[in-house]
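Text of coords-v3.cif, listed as mmCIF, C-alpha atoms:
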```cif
data_entry
loop_
_atom_site.label_atom_id
_atom_site.label_comp_id
_atom_site.auth_asym_id
_atom_site.auth_seq_id
_atom_site.Cartn_x
_atom_site.Cartn_y
_atom_site.Cartn_z
CA MET H 1 -40.55 -31.52 6.50
CA LYS H 2 -38.93 -31.03 3.10
CA LYS H 3 -39.82 -27.34 3.15
CA ILE H 4 -37.39 -26.82 6.04
CA TYR H 5 -34.50 -28.02 3.86
CA TYR H 6 -35.41 -25.56 1.13
CA LEU H 7 -35.59 -22.58 3.47
CA PRO H 8 -31.77 -22.08 3.71
CA LEU H 9 -31.56 -22.31 -0.08
CA LEU H 10 -34.33 -19.75 -0.45
CA TYR H 11 -32.54 -17.36 1.94
CA ALA H 12 -29.26 -17.86 0.07
CA PHE H 13 -30.98 -17.12 -3.24
CA LEU H 14 -32.74 -14.02 -1.93
CA PHE H 15 -29.86 -12.49 0.03
CA ALA H 16 -26.85 -13.47 -2.10
CA PRO H 17 -27.13 -10.36 -4.31
CA ALA H 18 -27.13 -8.10 -1.23
CA LEU H 19 -24.08 -9.86 0.17
CA LYS H 20 -22.21 -9.58 -3.13
CA ALA H 21 -23.06 -5.89 -3.50
CA GLN H 22 -20.65 -5.06 -0.68
CA GLU H 23 -17.26 -5.99 -2.12
CA LYS H 24 -13.81 -4.55 -1.64
CA LYS H 25 -12.72 -2.44 -4.61
CA THR H 26 -9.47 -1.04 -5.94
CA GLY H 27 -8.96 2.28 -7.67
CA PRO H 28 -9.36 4.96 -8.67
CA VAL H 29 -5.71 5.81 -7.85
CA ILE H 30 -4.04 2.38 -7.78
CA GLU H 31 -6.01 -0.02 -9.96
CA GLU H 32 -4.34 -3.37 -9.23
CA TYR H 33 -3.70 -2.98 -5.50
CA GLY H 34 -5.25 -1.51 -2.38
CA LYS H 35 -8.73 -3.01 -2.17
CA VAL H 36 -10.95 -1.29 0.38
CA TRP H 37 -14.51 -1.44 1.65
CA ALA H 38 -16.88 1.44 0.97
CA ILE H 39 -18.33 2.73 4.24
CA GLU H 40 -21.81 4.11 3.68
CA ASN H 41 -22.85 7.08 5.82
CA PRO H 42 -20.05 6.98 8.41
CA ASP H 43 -20.68 8.89 11.63
CA PHE H 44 -17.18 10.42 11.51
CA LYS H 45 -17.20 12.10 8.09
CA VAL H 46 -14.20 12.36 5.78
CA ASP H 47 -13.16 15.98 5.35
CA ILE H 48 -12.86 16.20 1.57
CA SER H 49 -11.44 19.75 1.74
CA LYS H 50 -8.36 18.61 3.69
CA GLU H 51 -4.94 17.69 2.29
CA TYR H 52 -3.96 14.22 3.53
CA LYS H 53 -0.20 13.68 3.84
CA ALA H 54 0.90 10.32 5.19
CA VAL H 55 4.34 8.80 5.69
CA PHE H 56 4.40 5.02 6.06
CA ASP H 57 7.25 3.46 8.06
CA ILE H 58 7.91 0.21 6.17
CA MET H 59 10.33 -2.03 8.03
CA ASN H 60 8.81 -5.52 7.92
CA SER H 61 8.36 -7.85 4.98
CA PRO H 62 6.95 -11.33 4.44
CA LYS H 63 9.46 -14.13 4.84
CA SER H 64 8.25 -15.63 1.57
CA HIS H 65 9.95 -14.07 -1.43
CA GLY H 66 6.80 -14.49 -3.51
CA LEU H 67 4.39 -12.35 -1.48
CA VAL H 68 3.53 -8.68 -1.82
CA ASN H 69 4.40 -6.68 1.27
CA THR H 70 1.01 -5.75 2.75
CA SER H 71 2.60 -2.83 4.61
CA ILE H 72 3.49 -1.29 1.24
CA GLU H 73 0.01 -2.06 -0.05
CA THR H 74 -1.37 -0.04 2.87
CA ALA H 75 -0.29 3.11 1.02
CA ALA H 76 -2.36 2.02 -2.01
CA ARG H 77 -5.32 1.38 0.29
CA PHE H 78 -4.89 4.84 1.82
CA LEU H 79 -4.98 6.49 -1.62
CA ASN H 80 -7.89 4.41 -2.93
CA MET H 81 -10.14 4.68 0.14
CA HIS H 82 -9.80 8.45 0.35
CA ALA H 83 -10.29 8.97 -3.39
CA GLN H 84 -13.34 6.66 -3.31
CA SER H 85 -14.68 8.80 -0.45
CA GLY H 86 -14.47 11.99 -2.48
CA VAL H 87 -11.10 13.43 -1.53
CA PRO H 88 -9.55 14.90 -4.71
CA VAL H 89 -6.46 12.94 -5.76
CA GLY H 90 -4.41 16.15 -5.76
CA GLN H 91 -5.00 16.41 -2.01
CA LEU H 92 -3.54 12.96 -1.29
CA LYS H 93 0.21 12.67 -0.63
CA VAL H 94 2.01 9.49 0.40
CA ALA H 95 5.62 8.72 1.19
CA LEU H 96 7.02 5.33 2.12
CA VAL H 97 10.22 5.12 4.13
CA VAL H 98 11.65 1.64 3.62
CA HIS H 99 14.30 0.01 5.80
CA ASN H 100 15.24 -3.12 7.77
CA ALA H 101 13.72 -6.40 6.49
CA ALA H 102 11.68 -4.53 3.85
CA SER H 103 14.89 -3.46 2.10
CA LYS H 104 14.52 -6.31 -0.39
CA ASP H 105 11.14 -4.99 -1.50
CA VAL H 106 12.53 -1.95 -3.35
CA ILE H 107 15.03 -3.69 -5.64
CA THR H 108 14.55 -4.46 -9.33
CA ASN H 109 13.32 -7.78 -10.65
CA GLU H 110 16.83 -8.51 -11.95
CA ALA H 111 18.49 -7.93 -8.57
CA TYR H 112 15.72 -9.79 -6.76
CA LYS H 113 15.96 -12.76 -9.11
CA LYS H 114 19.74 -12.95 -8.55
CA ARG H 115 19.24 -13.16 -4.79
CA TYR H 116 15.99 -15.06 -4.45
CA GLY H 117 15.39 -16.85 -7.77
CA THR H 118 12.11 -15.06 -8.57
CA ASN H 119 10.81 -11.65 -9.61
CA ASN H 120 10.17 -9.03 -6.95
CA PRO H 121 6.43 -9.31 -6.17
CA ASN H 122 6.48 -5.65 -5.03
CA GLN H 123 7.94 -4.05 -8.15
CA LYS H 124 4.60 -3.38 -9.89
CA LEU H 125 3.11 -1.97 -6.68
CA ILE H 126 6.14 0.29 -6.07
CA LYS H 127 5.96 1.56 -9.67
CA ALA H 128 2.20 2.18 -9.35
CA LEU H 129 2.75 4.22 -6.17
CA LEU H 130 5.52 6.23 -7.84
CA ASP H 131 3.35 6.78 -10.93
CA ALA H 132 0.59 8.07 -8.65
CA GLY H 133 2.96 10.73 -7.28
CA GLY H 134 4.04 8.86 -4.17
CA GLN H 135 7.57 8.96 -2.83
CA VAL H 136 9.48 5.80 -1.96
CA ILE H 137 12.52 6.57 0.15
CA PHE H 138 15.09 3.90 1.01
CA CYS H 139 17.28 4.07 4.10
CA GLY H 140 20.95 4.51 3.20
CA GLN H 141 21.98 2.73 6.39
CA SER H 142 19.93 -0.33 5.39
CA SER H 143 21.34 -0.09 1.87
CA LEU H 144 24.87 -0.59 3.16
CA SER H 145 24.21 -2.86 6.14
CA ARG H 146 22.01 -5.23 4.13
CA ASP H 147 23.99 -4.93 0.86
CA PHE H 148 21.27 -3.45 -1.36
CA PRO H 149 23.25 -0.92 -3.44
CA ARG H 150 21.69 2.12 -5.12
CA GLU H 151 22.10 0.57 -8.59
CA ASP H 152 19.76 -2.30 -7.58
CA LEU H 153 16.88 0.03 -6.61
CA ILE H 154 13.70 0.28 -8.66
CA GLU H 155 13.83 3.44 -10.77
CA GLY H 156 12.33 6.35 -8.85
CA VAL H 157 13.18 5.02 -5.38
CA GLN H 158 15.16 7.69 -3.53
CA LEU H 159 18.13 6.93 -1.28
CA SER H 160 18.28 8.84 2.01
CA LEU H 161 20.87 9.17 4.75
CA SER H 162 18.65 7.10 7.02
CA ALA H 163 15.04 6.12 7.63
CA MET H 164 15.05 8.20 10.80
CA THR H 165 16.18 11.31 8.92
CA ALA H 166 13.58 10.86 6.17
CA ILE H 167 10.75 10.38 8.67
CA ILE H 168 11.73 13.48 10.66
CA GLN H 169 12.00 15.62 7.53
CA LEU H 170 8.63 14.40 6.20
CA GLN H 171 6.99 15.06 9.57
CA ASP H 172 8.44 18.59 9.43
CA GLU H 173 6.59 18.90 6.08
CA ASN H 174 3.33 17.99 7.88
CA TYR H 175 3.24 14.33 6.86
CA ARG H 176 1.60 12.20 9.54
CA LEU H 177 3.35 8.97 10.52
CA ILE H 178 1.46 5.75 9.92
CA LYS H 179 3.09 2.62 11.28
CA PHE H 180 1.33 -0.73 11.08
#
```
For this file, write the structure as structure tokens.
Amino acid sequence: MKKIYYLPLLYAFLFAPALKAQEKKTGPVIEEYGKVWAIENPDFKVDISKEYKAVFDIMNSPKSHGLVNTSIETAARFLNMHAQSGVPVGQLKVALVVHNAASKDVITNEAYKKRYGTNNPNQKLIKALLDAGGQVIFCGQSSLSRDFPREDLIEGVQLSLSAMTAIIQLQDENYRLIKF
């Protein structure tokens, strides 16, 4: 009867290494953000000769001022998963068009701290995306309607006439819209 109690422990001991082997990983493009699963031998293969150009429509943001915006992190996941799958980094292009409630996510720590009493949890992620060659474009209409002036933006964030204009122009440059 005691052997039955040891059986689950034996299974846990034997199969724990296999379970741990499959972990989400960051990098190689964005090291601190964008963990993804490796998919071994997918049926629908990644075309590593293709240029991948994605524009992310970022309009929502967590209500908590201490959380990273997972919609922004999606761009880091996009870069990491494709690079991990063999797509050359030079063939990966991302642009984020930020507006609406996500407006707060593209301001400096100083401006964020003035408004919300804490550092902007998205600043390091935004800077990492910019450093990786990504574009972060902020809606000018949201800038004025939500009172986030240009001087409060993280360095490298571009101000546009509107989110709609930026998305149309990027789509004309063969960027594919990703919204989720």
For the point (-5.4, 17.3, 2.1) in the file's frame, write as a list in words all residues with an atom no more than 12 Å away, counting only C-alpha atoms.
Val46, Asp47, Ile48, Ser49, Lys50, Glu51, Tyr52, Lys53, Ala54, Leu79, His82, Ala83, Gly86, Val87, Pro88, Val89, Gly90, Gln91, Leu92, Lys93, Val94, Asn174, Tyr175 and Arg176 of chain H
Taking 3 positions as the minimum chain separation for residues in the same chain, which residues sit within 12 Å of segment 139-153 of chain H when counting all atoms listed in the file? Answer as number ranges by chain.
H: 57-59, 96-115, 120, 122-123, 126-127, 136, 156-167
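Compared by their closest atoms to Gln22 of chain H, and using all atoms listed in the file, the residues H:Asp43, H:Asn60, H:Val36, H:Phe180 rank with H:Val36 nearest.
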Find the residue from H:Asn80, H:Thr118, H:Gln171, H:Gln135 that sits nearest to Ile30 of chain H; use only C-alpha atoms when measuring.
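Among the listed residues, the smallest separation from Ile30 of chain H belongs to H:Asn80.
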Nearest residue to Val29 of chain H out of H:Ile154, H:Val68, H:Leu129, H:Ile137, using only C-alpha atoms?
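Nearest candidate to Val29 of chain H out of H:Ile154, H:Val68, H:Leu129, H:Ile137: H:Leu129.
The gap separating atom CA of Lys25 of chain H from atom CA of Glu40 of chain H is 13.9 Å, in Å to one decimal.
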One residue among H:Ile39, H:Met81, H:Ile178, H:Leu130 is nearest to Thr26 of chain H when using all atoms listed in the file, and that residue is H:Met81
Atomic separation - atom CA of Lys63 of chain H relative to atom CA of Gly117 of chain H, Å
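Taking atom CA of Gly117 of chain H as the start and atom CA of Lys63 of chain H as the end point, the length is 14.2 Å.
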Pairwise distance, atom CA of Asp172 of chain H with atom CA of Ala95 of chain H, equals 13.2 Å
Kindly indicate which residue among H:Val55, H:Ile168, H:Leu125, H:Leu177 lies nearest to Ala76 of chain H, using only C-alpha atoms for the distances.
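Distance minimum relative to Ala76 of chain H lands on H:Leu125.
Minimum atom-to-atom distances from H:Glu73, H:Phe78, H:Lys179, H:Tyr116 to Ala128 of chain H were compared using only C-alpha atoms, and the lowest value belongs to H:Glu73.
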